[in-house]
Amino acid sequence: MRITTLGSYPKIPYDNGPNVRSAIQRFERKSIGPFELDQVFLRRTRHVLQVAEQNKLDLTSDGLIRWNDMFDGVVRDLDNVSSAGLLRLFDNNFYYRHPLIRGRLSFQGGVVRWWLKEAVASSKVPIKAVLPGPFTFLKLSQDDSYHNSDALLEDLVEVLRLEALSLADVGIAEVQWDEPALAYYPDWNMTKVAATLAQLTAQQPLPQALALYWGNGVGRWLEPLSGVGFSRLYLDAVSDPGVVSTITNNPPACEVGLGLVDARQVKKESVDELARQLQPIVRRLGESNVWLHPSSGLELLPPDHAEAKVRILRDVRDTIRGSSGNGGLG
Amino acid sequence: MAQILKTTSVGSFPKPPALIRARQQFRRGEISAEDLRQAERAATAEVIAMQEALGLDILVHGEMERGDMVAYFAENWTGFAESLPVRSYGNRYYHKPVVTGKVALPAGAGLTVESWRAAQALTEKPVKGMLTGPYTICDWSFNDYYPDRRSLVLDLAHLVHEEAMALALSGAQYIQIDEPAISTRPQELDLAIEAMGIVTRDLPAHTISHICYGDFEAILPGLFDLPVDQLDLEAANGQFQLLELLRRVSWPKHKELALGVVDVHSHRLESVDEVKAGILRALEVVPLEQLYIDPDCGLKTRTWEEASQKLAVMMEAVNALRSEEGLK
């Protein structure tokens with residue numbers, strides 16, 4: 001069994017480490033300049049990568065330290081869309097600037113690519129890109145131009161494909177598409193979603209993964225989306241606990257990640273209990289096909305708790321590896 | 001004739017530089033708690049003076065003693081522990097409380113009375129008593145004690161009720177109970193309404209609930225059952241699209257609307273004309289006598305100058321409309 005993080009990570013330390021929050025405040029007060037601010041972003045990103053290394057993650061995000069929200073980097077890379085007013089991000093006390101589409105989308109590129117290139121150069125752990133999926137982008141943006149959701153979706157898929165293609169040679173190991181909207185909202189046309197996501201992942205040079213979180217509709221996507229070109233599905237099993245039995249009973253055709261570590265509550269999971277829960281799945285699906293990860297990005301937790309959750313991933317993985325050599329946990 | 005388009009503000013104001021310095025000095029142990037209180041009172045006086053100078057009708061005290069609308073109560077009630085900061089947007093963070101025991105008032109109600117009373121003493125105009133609602137306090141805290149959200153929300157409702165009664169008995173005519181989290185889980189709207197019923201039961205005051213940055217479509221028209229006299233909703237941040245939704249659901253006869261007409265999360269200063277246009281659109285869906293005007297949300301994220309300018313634009317637009325034919 002392997003372990004990974006999903007996306008965002010706190011931008012502030014729990015000790016005296018690099019602190020993006022205070023750096024931005026100092027920058028706004030003009031007590032530091034752009035170079036020093038940039039260095040703090042870089043040092044904080046390196047901290048995230050060090051945490052990944054110390055805990056021997058098999059794959060990590062860069063913590064999205066430079067992103068204001070899940071759309072920010074991509075919005076900067078596109079023409080005719082801008083970050084507009086604040087809206088609540090699903091059921092979190094976190095607010096994103098909703099993408100405001102004011103003309104036909106086209107791809108400019110460069111920002112996400114540069115950020116990831118910088119992270120890859122600093123990491124000993126393989127890094128994945130974390131990008132917003134087209135359906136979440138569509139659902140959470142404001143369309144002042146197309147007035148036709150099919151046409152907008154079609155262009156969104158094209159520009160997001162271009163974003164992913166632009167990352168092909170930066171040294172990342174995977175592109176993870178985040179689609180919380182598919183888990184959160186009901187009433188999707190599953191056939192259309194599957195066909196669109198197949199189009200998104202078609203002929204991409206890097207492995208493609210899909211992350212579904214923050215809704216109780218995670219499990220319903222297992223069957224329709226397990227054969228559309230994703231090499232991994234990352235599934236929030238805290239918001240939709242039923243997904244665990246669904247996977248055990250009907251293993252999908254691709255690798256599966258289980259988000260059993262709650263990324264939105266400080267309560268610490270029991271390592272032994274998680275290991276016991278995962279063992280039958282590991283036995284059924286095969287050790288190399290199962291991943292453990294937090295239920296979503298860790299930025300909704302205070303930094304000390306975020307780091308503690310990463311340690312839980314490590315301890316569960318080590319427990320399972322240890323127990324697989326001595327007959328299991330009983 | 002009663003004033004039309006009464007104006008107000010939502011709650012927080014930016015802390016003046018002198019208070020920011022005092023808070024830093026207090027944290028470093030360089031000044032006493034009483035010194036800090038004095039700085040807060042001086043800042044409150046500036047907040048009241050600004051609103052009076054601009055001609056607002058119903059004032060707020062500006063929440064100079066609070067860092068965050070949820071953490072303030074958690075810091076002063078029992079049953080909570082403090083966490084390290086968590087980001088809520090942009091570069092804004094808050095100490096998300098952790099519920100670690102049964103929530104309770106440590107020494108009876110009245111936490112918010114002193115600051116309200118001090119502000120009210122500075123003006124003849126009514127000053128709102130400001131509280132955070134039980135649903136929002138629950139939703140914006142980590143729960144490490146209660147078996148479920150319902151039991152935490154209902155326990156909190158009784159505490160907020162005691163605070164509201166203390167304000168009302170002290171003379172607060174308007175009491176605002178903020179519930180920005182109410183749209184977070186539409187399936188829990190009934191719980192939030194039940195909790196607000198506990199808060200406002202037998203409360204001898206005009207009650208208001210401020211709600212912002214949520215999915216209003218998911219909770220309307222059910223939100224109209226929230227037992228308060230006035231709903232205070234943000235609109236400018238979403239280019240007044242809220243009004244199109246309100247047009248479809250039909251505004252209830254028994255409820256007032258306070259409409260947010262300037263975006264508190266943007267440095268851009270709105271023009272008087274665009275604010276007027278927003279108010280006129282609102283009058284197509286809400287009767288004139290039920291409409292109040294205010295900013296989208298608390299102004300604490302703006303600079304002092306920006307806050308003043310945004311309120312000035314709001315007042316200029318309202319005054320222009322008040323003097324126009326057909327609105328008198």
# chains A, B, ... in the order shown; residues from 1 in each chain; ligands from 1
$ closest_atom_pairs --of "chain A" --to "chain B" --cutoff "8 Å" --atoms "only C-alpha atoms" --output "tab-separated table"
residue	atom	partner	partner_atom	distance
A:Pro10	CA	B:Val86	CA	7.5
A:Tyr14	CA	B:Leu84	CA	7.3
A:Arg21	CA	B:Asn91	CA	6.0
A:Ile24	CA	B:Asn91	CA	7.4
A:Asn68	CA	B:Gly90	CA	5.8
A:Asp69	CA	B:Tyr89	CA	7.9
A:Gly85	CA	B:Asn237	CA	5.2
A:Leu86	CA	B:Tyr213	CA	6.6
A:Leu87	CA	B:Tyr213	CA	4.9
A:Arg88	CA	B:Gly214	CA	5.5
A:Phe90	CA	B:Thr184	CA	7.0
A:Asp91	CA	B:Thr184	CA	4.7
A:Asn92	CA	B:Thr184	CA	7.3
A:Asn93	CA	B:Ser88	CA	6.2
A:Phe94	CA	B:Ser88	CA	4.4
A:Tyr95	CA	B:Tyr89	CA	5.1
A:Tyr96	CA	B:Tyr89	CA	6.5
A:Gln265	CA	B:Phe142	CA	6.0
A:Val266	CA	B:Phe142	CA	6.6
A:Lys267	CA	B:Asp144	CA	6.2
A:Glu299	CA	B:Val86	CA	7.4
A:Leu300	CA	B:Val86	CA	6.3
A:Leu301	CA	B:Val86	CA	6.2
A:Pro302	CA	B:Val86	CA	5.2
A:Pro303	CA	B:Leu84	CA	7.1
A:Asp304	CA	B:Leu84	CA	7.6
$ write_last_selection --atoms "N, CA and C atoms" --output "PDB file, in the first residue's frame"
ATOM      1  N   PRO A  10      -1.235  23.793   4.724  1.00  0.00           N
ATOM      2  CA  PRO A  10      -1.173  25.115   5.364  1.00  0.00           C
ATOM      3  C   PRO A  10       0.027  25.941   4.903  1.00  0.00           C
ATOM      4  N   TYR A  14       3.871  25.706  12.188  1.00  0.00           N
ATOM      5  CA  TYR A  14       3.455  25.644  13.583  1.00  0.00           C
ATOM      6  C   TYR A  14       4.606  26.062  14.492  1.00  0.00           C
ATOM      7  N   ARG A  21       1.846  33.789   5.326  1.00  0.00           N
ATOM      8  CA  ARG A  21       0.909  34.812   5.824  1.00  0.00           C
ATOM      9  C   ARG A  21       1.646  36.087   6.238  1.00  0.00           C
ATOM     10  N   ILE A  24       3.284  37.959   3.267  1.00  0.00           N
ATOM     11  CA  ILE A  24       2.362  38.781   2.472  1.00  0.00           C
ATOM     12  C   ILE A  24       2.033  40.075   3.224  1.00  0.00           C
ATOM     13  N   ASN A  68      -4.114  30.707  -4.353  1.00  0.00           N
ATOM     14  CA  ASN A  68      -5.082  31.274  -3.407  1.00  0.00           C
ATOM     15  C   ASN A  68      -6.248  30.330  -3.188  1.00  0.00           C
ATOM     16  N   ASP A  69      -6.599  29.592  -4.208  1.00  0.00           N
ATOM     17  CA  ASP A  69      -7.686  28.612  -4.119  1.00  0.00           C
ATOM     18  C   ASP A  69      -7.498  27.611  -5.254  1.00  0.00           C
ATOM     19  N   GLY A  85     -15.612  37.667  -7.288  1.00  0.00           N
ATOM     20  CA  GLY A  85     -16.005  37.759  -5.881  1.00  0.00           C
ATOM     21  C   GLY A  85     -15.843  36.457  -5.114  1.00  0.00           C
ATOM     22  N   LEU A  86     -15.821  36.596  -3.790  1.00  0.00           N
ATOM     23  CA  LEU A  86     -15.646  35.432  -2.920  1.00  0.00           C
ATOM     24  C   LEU A  86     -16.939  34.637  -2.800  1.00  0.00           C
ATOM     25  N   LEU A  87     -16.796  33.344  -2.840  1.00  0.00           N
ATOM     26  CA  LEU A  87     -17.932  32.448  -2.578  1.00  0.00           C
ATOM     27  C   LEU A  87     -17.444  31.316  -1.686  1.00  0.00           C
ATOM     28  N   ARG A  88     -18.366  30.768  -0.899  1.00  0.00           N
ATOM     29  CA  ARG A  88     -17.996  29.652  -0.030  1.00  0.00           C
ATOM     30  C   ARG A  88     -17.644  28.434  -0.875  1.00  0.00           C
ATOM     31  N   PHE A  90     -17.918  24.907  -1.267  1.00  0.00           N
ATOM     32  CA  PHE A  90     -18.742  23.788  -0.794  1.00  0.00           C
ATOM     33  C   PHE A  90     -19.161  24.042   0.660  1.00  0.00           C
ATOM     34  N   ASP A  91     -19.009  23.063   1.552  1.00  0.00           N
ATOM     35  CA  ASP A  91     -19.493  23.273   2.913  1.00  0.00           C
ATOM     36  C   ASP A  91     -18.361  23.625   3.877  1.00  0.00           C
ATOM     37  N   ASN A  92     -17.348  24.294   3.376  1.00  0.00           N
ATOM     38  CA  ASN A  92     -16.211  24.669   4.212  1.00  0.00           C
ATOM     39  C   ASN A  92     -16.278  26.142   4.592  1.00  0.00           C
ATOM     40  N   ASN A  93     -15.671  26.492   5.706  1.00  0.00           N
ATOM     41  CA  ASN A  93     -15.501  27.907   6.020  1.00  0.00           C
ATOM     42  C   ASN A  93     -14.244  28.405   5.304  1.00  0.00           C
ATOM     43  N   PHE A  94     -14.263  28.234   4.013  1.00  0.00           N
ATOM     44  CA  PHE A  94     -13.176  28.671   3.139  1.00  0.00           C
ATOM     45  C   PHE A  94     -13.833  29.263   1.892  1.00  0.00           C
ATOM     46  N   TYR A  95     -13.255  30.333   1.404  1.00  0.00           N
ATOM     47  CA  TYR A  95     -13.901  31.090   0.329  1.00  0.00           C
ATOM     48  C   TYR A  95     -12.946  31.230  -0.858  1.00  0.00           C
ATOM     49  N   TYR A  96     -13.475  30.948  -2.038  1.00  0.00           N
ATOM     50  CA  TYR A  96     -12.661  31.043  -3.245  1.00  0.00           C
ATOM     51  C   TYR A  96     -13.161  32.208  -4.081  1.00  0.00           C
ATOM     52  N   GLN A 265     -11.119  17.529  10.226  1.00  0.00           N
ATOM     53  CA  GLN A 265     -11.333  17.455  11.674  1.00  0.00           C
ATOM     54  C   GLN A 265     -10.005  17.181  12.370  1.00  0.00           C
ATOM     55  N   VAL A 266      -9.838  17.797  13.529  1.00  0.00           N
ATOM     56  CA  VAL A 266      -8.563  17.629  14.230  1.00  0.00           C
ATOM     57  C   VAL A 266      -8.461  16.293  14.957  1.00  0.00           C
ATOM     58  N   LYS A 267      -9.591  15.644  15.164  1.00  0.00           N
ATOM     59  CA  LYS A 267      -9.568  14.352  15.872  1.00  0.00           C
ATOM     60  C   LYS A 267      -8.591  13.407  15.171  1.00  0.00           C
ATOM     61  N   GLU A 299      -5.197  21.892   3.956  1.00  0.00           N
ATOM     62  CA  GLU A 299      -5.103  23.296   4.364  1.00  0.00           C
ATOM     63  C   GLU A 299      -6.246  23.738   5.267  1.00  0.00           C
ATOM     64  N   LEU A 300      -7.280  22.935   5.384  1.00  0.00           N
ATOM     65  CA  LEU A 300      -8.391  23.308   6.267  1.00  0.00           C
ATOM     66  C   LEU A 300      -8.089  22.960   7.721  1.00  0.00           C
ATOM     67  N   LEU A 301      -6.913  22.443   7.965  1.00  0.00           N
ATOM     68  CA  LEU A 301      -6.479  22.125   9.337  1.00  0.00           C
ATOM     69  C   LEU A 301      -5.392  23.109   9.779  1.00  0.00           C
ATOM     70  N   PRO A 302      -5.262  23.329  11.091  1.00  0.00           N
ATOM     71  CA  PRO A 302      -4.100  24.089  11.568  1.00  0.00           C
ATOM     72  C   PRO A 302      -2.826  23.314  11.212  1.00  0.00           C
ATOM     73  N   PRO A 303      -1.695  24.018  11.070  1.00  0.00           N
ATOM     74  CA  PRO A 303      -0.487  23.354  10.554  1.00  0.00           C
ATOM     75  C   PRO A 303       0.005  22.175  11.386  1.00  0.00           C
ATOM     76  N   ASP A 304      -0.122  22.258  12.722  1.00  0.00           N
ATOM     77  CA  ASP A 304       0.341  21.141  13.551  1.00  0.00           C
ATOM     78  C   ASP A 304      -0.514  19.895  13.292  1.00  0.00           C
TER      79      ASP A 304
END
$ select_by_dssp --residues "region 103-165 of chain A" --states "strand (DSSP E or B)" --output "JSON, numbers by chain"
{"A": [103, 104, 105, 106, 107, 127, 128, 129, 130, 131, 132, 142, 143]}
$ write_last_selection --atoms "C-alpha atoms" --output "PDB file, in the first residue's frame"
ATOM      1  CA  GLY A 103     -15.016  35.809 -23.321  1.00  0.00           C
ATOM      2  CA  ARG A 104     -14.016  32.672 -25.182  1.00  0.00           C
ATOM      3  CA  LEU A 105     -11.439  30.756 -23.197  1.00  0.00           C
ATOM      4  CA  SER A 106      -7.970  30.331 -24.587  1.00  0.00           C
ATOM      5  CA  PHE A 107      -4.792  28.968 -23.079  1.00  0.00           C
ATOM      6  CA  ILE A 127       5.297  15.236  -7.399  1.00  0.00           C
ATOM      7  CA  LYS A 128       1.872  15.418  -8.940  1.00  0.00           C
ATOM      8  CA  ALA A 129       0.083  18.387 -10.433  1.00  0.00           C
ATOM      9  CA  VAL A 130      -3.295  19.112  -8.872  1.00  0.00           C
ATOM     10  CA  LEU A 131      -5.717  20.802 -11.275  1.00  0.00           C
ATOM     11  CA  PRO A 132      -9.422  21.622 -11.102  1.00  0.00           C
ATOM     12  CA  GLN A 142     -19.797  32.465 -13.513  1.00  0.00           C
ATOM     13  CA  ASP A 143     -20.428  32.449 -17.236  1.00  0.00           C
TER      14      ASP A 143
END
$ closest_atom_pairs --of "region 233-294 of chain A" --to "region 183-191 of chain A" --cutoff "12 Å" --atoms "only C-alpha atoms" --output "CSV"
residue,atom,partner,partner_atom,distance
A:Tyr234,CA,A:Ala183,CA,11.7
A:Leu235,CA,A:Ala183,CA,9.4
A:Asp236,CA,A:Ala183,CA,8.9
A:Ala237,CA,A:Ala183,CA,11.1
A:Ser239,CA,A:Ala183,CA,9.1
A:Asp240,CA,A:Ala183,CA,8.9
A:Val243,CA,A:Ala183,CA,11.6
$ residues_around --residues "region 9-14 of chain B" --least-positions-apart "4" --cutoff "8 Å" --atoms "only C-alpha atoms" --output "list in words"
Val47, Ile58, Leu59, Val60, His61, Gly62, Glu63, Met64, Met130, His210, Asp294, Pro295, Asp296, Cys297, Gly298, Leu299, Lys300, Thr301, Arg302, Thr303, Trp304 and Ala307 of chain B
$ write_last_selection --atoms "N, CA and C atoms" --output "PDB file, in the first residue's frame"
ATOM      1  N   VAL B  47     -15.181  54.829  15.258  1.00  0.00           N
ATOM      2  CA  VAL B  47     -16.150  54.115  14.418  1.00  0.00           C
ATOM      3  C   VAL B  47     -17.519  54.799  14.474  1.00  0.00           C
ATOM      4  N   ILE B  58     -28.679  53.328  11.582  1.00  0.00           N
ATOM      5  CA  ILE B  58     -28.527  52.347  12.658  1.00  0.00           C
ATOM      6  C   ILE B  58     -27.043  51.979  12.687  1.00  0.00           C
ATOM      7  N   LEU B  59     -26.408  52.174  13.827  1.00  0.00           N
ATOM      8  CA  LEU B  59     -24.943  52.075  13.861  1.00  0.00           C
ATOM      9  C   LEU B  59     -24.478  50.724  14.421  1.00  0.00           C
ATOM     10  N   VAL B  60     -23.216  50.448  14.193  1.00  0.00           N
ATOM     11  CA  VAL B  60     -22.567  49.288  14.823  1.00  0.00           C
ATOM     12  C   VAL B  60     -21.387  49.803  15.639  1.00  0.00           C
ATOM     13  N   HIS B  61     -20.929  48.995  16.596  1.00  0.00           N
ATOM     14  CA  HIS B  61     -19.816  49.473  17.418  1.00  0.00           C
ATOM     15  C   HIS B  61     -18.467  49.112  16.818  1.00  0.00           C
ATOM     16  N   GLY B  62     -18.477  48.298  15.784  1.00  0.00           N
ATOM     17  CA  GLY B  62     -17.258  48.040  15.020  1.00  0.00           C
ATOM     18  C   GLY B  62     -16.443  46.847  15.477  1.00  0.00           C
ATOM     19  N   GLU B  63     -16.811  46.240  16.612  1.00  0.00           N
ATOM     20  CA  GLU B  63     -16.159  45.015  17.090  1.00  0.00           C
ATOM     21  C   GLU B  63     -14.655  45.186  17.309  1.00  0.00           C
ATOM     22  N   MET B  64     -14.299  46.315  17.903  1.00  0.00           N
ATOM     23  CA  MET B  64     -12.879  46.609  18.139  1.00  0.00           C
ATOM     24  C   MET B  64     -12.249  45.638  19.143  1.00  0.00           C
ATOM     25  N   MET B 130     -24.334  42.882  18.744  1.00  0.00           N
ATOM     26  CA  MET B 130     -23.811  41.972  17.722  1.00  0.00           C
ATOM     27  C   MET B 130     -23.441  40.611  18.311  1.00  0.00           C
ATOM     28  N   HIS B 210     -27.516  38.249   9.693  1.00  0.00           N
ATOM     29  CA  HIS B 210     -26.688  38.535   8.511  1.00  0.00           C
ATOM     30  C   HIS B 210     -26.154  37.214   7.941  1.00  0.00           C
ATOM     31  N   ASP B 294     -27.033  48.409   3.280  1.00  0.00           N
ATOM     32  CA  ASP B 294     -25.755  48.343   4.008  1.00  0.00           C
ATOM     33  C   ASP B 294     -24.666  47.741   3.127  1.00  0.00           C
ATOM     34  N   PRO B 295     -23.446  47.624   3.609  1.00  0.00           N
ATOM     35  CA  PRO B 295     -22.401  46.936   2.833  1.00  0.00           C
ATOM     36  C   PRO B 295     -22.655  45.421   2.845  1.00  0.00           C
ATOM     37  N   ASP B 296     -21.931  44.692   2.002  1.00  0.00           N
ATOM     38  CA  ASP B 296     -22.106  43.237   1.891  1.00  0.00           C
ATOM     39  C   ASP B 296     -21.861  42.507   3.203  1.00  0.00           C
ATOM     40  N   CYS B 297     -20.890  42.988   3.966  1.00  0.00           N
ATOM     41  CA  CYS B 297     -20.435  42.242   5.140  1.00  0.00           C
ATOM     42  C   CYS B 297     -19.660  43.205   6.035  1.00  0.00           C
ATOM     43  N   GLY B 298     -19.059  42.693   7.077  1.00  0.00           N
ATOM     44  CA  GLY B 298     -18.222  43.537   7.925  1.00  0.00           C
ATOM     45  C   GLY B 298     -17.088  44.157   7.120  1.00  0.00           C
ATOM     46  N   LEU B 299     -16.662  45.341   7.533  1.00  0.00           N
ATOM     47  CA  LEU B 299     -15.687  46.108   6.745  1.00  0.00           C
ATOM     48  C   LEU B 299     -14.248  45.894   7.207  1.00  0.00           C
ATOM     49  N   LYS B 300     -14.017  44.940   8.100  1.00  0.00           N
ATOM     50  CA  LYS B 300     -12.692  44.856   8.728  1.00  0.00           C
ATOM     51  C   LYS B 300     -11.554  44.532   7.772  1.00  0.00           C
ATOM     52  N   THR B 301     -11.884  43.983   6.606  1.00  0.00           N
ATOM     53  CA  THR B 301     -10.790  43.646   5.680  1.00  0.00           C
ATOM     54  C   THR B 301     -10.362  44.849   4.844  1.00  0.00           C
ATOM     55  N   ARG B 302     -11.084  45.951   4.921  1.00  0.00           N
ATOM     56  CA  ARG B 302     -10.703  47.157   4.180  1.00  0.00           C
ATOM     57  C   ARG B 302      -9.791  48.030   5.036  1.00  0.00           C
ATOM     58  N   THR B 303      -9.108  48.963   4.396  1.00  0.00           N
ATOM     59  CA  THR B 303      -8.404  49.966   5.177  1.00  0.00           C
ATOM     60  C   THR B 303      -9.439  50.936   5.740  1.00  0.00           C
ATOM     61  N   TRP B 304      -9.024  51.723   6.693  1.00  0.00           N
ATOM     62  CA  TRP B 304      -9.931  52.717   7.286  1.00  0.00           C
ATOM     63  C   TRP B 304     -10.486  53.631   6.184  1.00  0.00           C
ATOM     64  N   ALA B 307     -12.976  51.789   3.917  1.00  0.00           N
ATOM     65  CA  ALA B 307     -14.262  51.591   4.595  1.00  0.00           C
ATOM     66  C   ALA B 307     -15.077  52.878   4.569  1.00  0.00           C
TER      67      ALA B 307
END
$ residues_around --residues "region 54-66 of chain A" --least-positions-apart "2" --cutoff "9 Å" --atoms "only C-alpha atoms" --output "MDAnalysis selection string"
chainID A and resid 2:11 20 41:42 44:46 48:52 68:70 72:73 115:116 119:120 123 125:130 173:174 297:299 310:311 313:315
$ write_last_selection --atoms "C-alpha atoms" --output "CSV table (one decimal), in the first residue's frame"
chain,number,residue,atom,x,y,z
A,2,ARG,CA,1.2,3.5,-0.9
A,3,ILE,CA,0.5,6.9,0.6
A,4,THR,CA,0.1,10.3,-0.8
A,5,THR,CA,-1.4,13.8,0.0
A,6,LEU,CA,-4.1,15.2,-2.1
A,7,GLY,CA,-3.5,18.9,-2.6
A,8,SER,CA,-3.4,22.0,-0.5
A,9,TYR,CA,-1.3,22.3,2.7
A,10,PRO,CA,-1.2,25.1,5.4
A,11,LYS,CA,0.8,28.1,4.3
A,20,VAL,CA,3.5,33.0,3.8
A,41,PHE,CA,6.7,30.9,-1.1
A,42,LEU,CA,9.6,28.7,-2.3
A,44,ARG,CA,7.3,27.0,2.4
A,45,THR,CA,6.9,24.8,-0.6
A,46,ARG,CA,10.2,23.1,0.2
A,48,VAL,CA,5.9,20.7,2.4
A,49,LEU,CA,8.2,18.6,0.3
A,50,GLN,CA,10.4,17.9,3.3
A,51,VAL,CA,7.4,16.7,5.3
A,52,ALA,CA,6.7,14.3,2.3
A,68,ASN,CA,-5.1,31.3,-3.4
A,69,ASP,CA,-7.7,28.6,-4.1
A,70,MET,CA,-8.2,25.5,-6.3
A,72,ASP,CA,-6.2,30.3,-9.0
A,73,GLY,CA,-3.2,28.9,-11.0
A,115,TRP,CA,5.4,26.7,-10.1
A,116,LEU,CA,5.6,22.9,-10.6
A,119,ALA,CA,8.8,22.3,-6.8
A,120,VAL,CA,10.1,19.4,-8.8
A,123,SER,CA,11.8,17.4,-4.2
A,125,VAL,CA,9.5,12.6,-3.6
A,126,PRO,CA,7.7,12.3,-6.9
A,127,ILE,CA,5.3,15.2,-7.4
A,128,LYS,CA,1.9,15.4,-8.9
A,129,ALA,CA,0.1,18.4,-10.4
A,130,VAL,CA,-3.3,19.1,-8.9
A,173,ALA,CA,4.7,11.9,-12.0
A,174,GLU,CA,0.9,12.5,-12.4
A,297,GLY,CA,-6.2,18.8,0.9
A,298,LEU,CA,-4.9,19.5,4.4
A,299,GLU,CA,-5.1,23.3,4.4
A,310,VAL,CA,0.7,13.0,7.4
A,311,ARG,CA,2.4,11.1,10.1
A,313,LEU,CA,-0.5,8.1,6.8
A,314,ARG,CA,3.0,6.9,7.4
A,315,ASP,CA,2.2,5.0,10.5
$ residues_around --residues "Leu285 (chain A)" --least-positions-apart "3" --cutoff "8 Å" --atoms "only C-alpha atoms" --output "number ranges by chain"
A: 248, 251, 281-282, 289-290
$ residues_around --residues "region 256-260 of chain A" --least-positions-apart "2" --cutoff "8 Å" --atoms "only C-alpha atoms" --output "number ranges by chain"
A: 232-238, 244, 252, 254, 262, 274, 289-296
$ write_last_selection --atoms "N, CA and C atoms" --output "mmCIF file, in the first residue's frame"
data_model
loop_
_atom_site.group_PDB
_atom_site.id
_atom_site.type_symbol
_atom_site.label_atom_id
_atom_site.label_comp_id
_atom_site.auth_asym_id
_atom_site.auth_seq_id
_atom_site.Cartn_x
_atom_site.Cartn_y
_atom_site.Cartn_z
ATOM 1 N N ARG A 232 -5.624 6.220 -11.513
ATOM 2 C CA ARG A 232 -5.963 6.147 -10.096
ATOM 3 C C ARG A 232 -7.213 6.959 -9.804
ATOM 4 N N LEU A 233 -7.998 6.459 -8.871
ATOM 5 C CA LEU A 233 -9.111 7.241 -8.331
ATOM 6 C C LEU A 233 -8.818 7.486 -6.863
ATOM 7 N N TYR A 234 -8.832 8.752 -6.453
ATOM 8 C CA TYR A 234 -8.661 9.100 -5.035
ATOM 9 C C TYR A 234 -10.045 9.419 -4.483
ATOM 10 N N LEU A 235 -10.475 8.675 -3.469
ATOM 11 C CA LEU A 235 -11.863 8.746 -3.022
ATOM 12 C C LEU A 235 -11.955 9.121 -1.544
ATOM 13 N N ASP A 236 -12.736 10.140 -1.264
ATOM 14 C CA ASP A 236 -12.946 10.610 0.106
ATOM 15 C C ASP A 236 -13.885 9.643 0.826
ATOM 16 N N ALA A 237 -13.307 8.801 1.660
ATOM 17 C CA ALA A 237 -14.096 7.799 2.380
ATOM 18 C C ALA A 237 -14.574 8.320 3.730
ATOM 19 N N VAL A 238 -14.238 9.571 4.061
ATOM 20 C CA VAL A 238 -14.799 10.195 5.271
ATOM 21 C C VAL A 238 -16.183 10.747 4.943
ATOM 22 N N VAL A 244 -15.947 2.326 0.937
ATOM 23 C CA VAL A 244 -15.013 1.262 1.325
ATOM 24 C C VAL A 244 -15.582 -0.106 0.970
ATOM 25 N N PRO A 252 -12.420 -1.687 -8.709
ATOM 26 C CA PRO A 252 -12.374 -1.056 -10.034
ATOM 27 C C PRO A 252 -11.171 -1.521 -10.847
ATOM 28 N N CYS A 254 -8.833 0.217 -12.029
ATOM 29 C CA CYS A 254 -7.612 1.003 -11.849
ATOM 30 C C CYS A 254 -7.200 1.013 -10.375
ATOM 31 N N ASP A 262 -9.242 12.031 8.014
ATOM 32 C CA ASP A 262 -10.121 13.192 7.895
ATOM 33 C C ASP A 262 -9.309 14.494 7.811
ATOM 34 N N LEU A 274 -7.333 2.038 11.478
ATOM 35 C CA LEU A 274 -7.230 2.262 10.027
ATOM 36 C C LEU A 274 -6.549 1.075 9.346
ATOM 37 N N ASN A 289 -2.066 -1.790 -5.640
ATOM 38 C CA ASN A 289 -3.234 -1.105 -6.220
ATOM 39 C C ASN A 289 -3.950 -0.195 -5.242
ATOM 40 N N VAL A 290 -3.480 -0.165 -3.978
ATOM 41 C CA VAL A 290 -4.214 0.603 -2.960
ATOM 42 C C VAL A 290 -3.346 1.740 -2.426
ATOM 43 N N TRP A 291 -3.969 2.903 -2.315
ATOM 44 C CA TRP A 291 -3.316 4.078 -1.739
ATOM 45 C C TRP A 291 -4.122 4.547 -0.536
ATOM 46 N N LEU A 292 -3.428 5.148 0.422
ATOM 47 C CA LEU A 292 -4.096 5.812 1.541
ATOM 48 C C LEU A 292 -3.729 7.298 1.469
ATOM 49 N N HIS A 293 -4.718 8.168 1.721
ATOM 50 C CA HIS A 293 -4.461 9.610 1.665
ATOM 51 C C HIS A 293 -5.460 10.330 2.554
ATOM 52 N N PRO A 294 -5.257 11.611 2.811
ATOM 53 C CA PRO A 294 -6.276 12.385 3.548
ATOM 54 C C PRO A 294 -7.526 12.516 2.682
ATOM 55 N N SER A 295 -8.645 12.834 3.311
ATOM 56 C CA SER A 295 -9.893 12.908 2.553
ATOM 57 C C SER A 295 -9.883 14.038 1.537
ATOM 58 N N SER A 296 -9.065 15.057 1.757
ATOM 59 C CA SER A 296 -8.915 16.152 0.796
ATOM 60 C C SER A 296 -7.603 16.844 1.097
#
$ atom_distance --atom1 "CA of Val261 (chain B)" --atom2 "CA of Glu124 (chain B)"
25.4 Å
$ select_by_dssp --residues "region 78-250 of chain B" --states "helix (DSSP H, G or I)" --output "VMD selection string"
chain B and resid 113 to 120 134 to 139 149 to 170 180 to 183 186 to 200 216 to 219 222 to 225 236 to 238 241 to 249
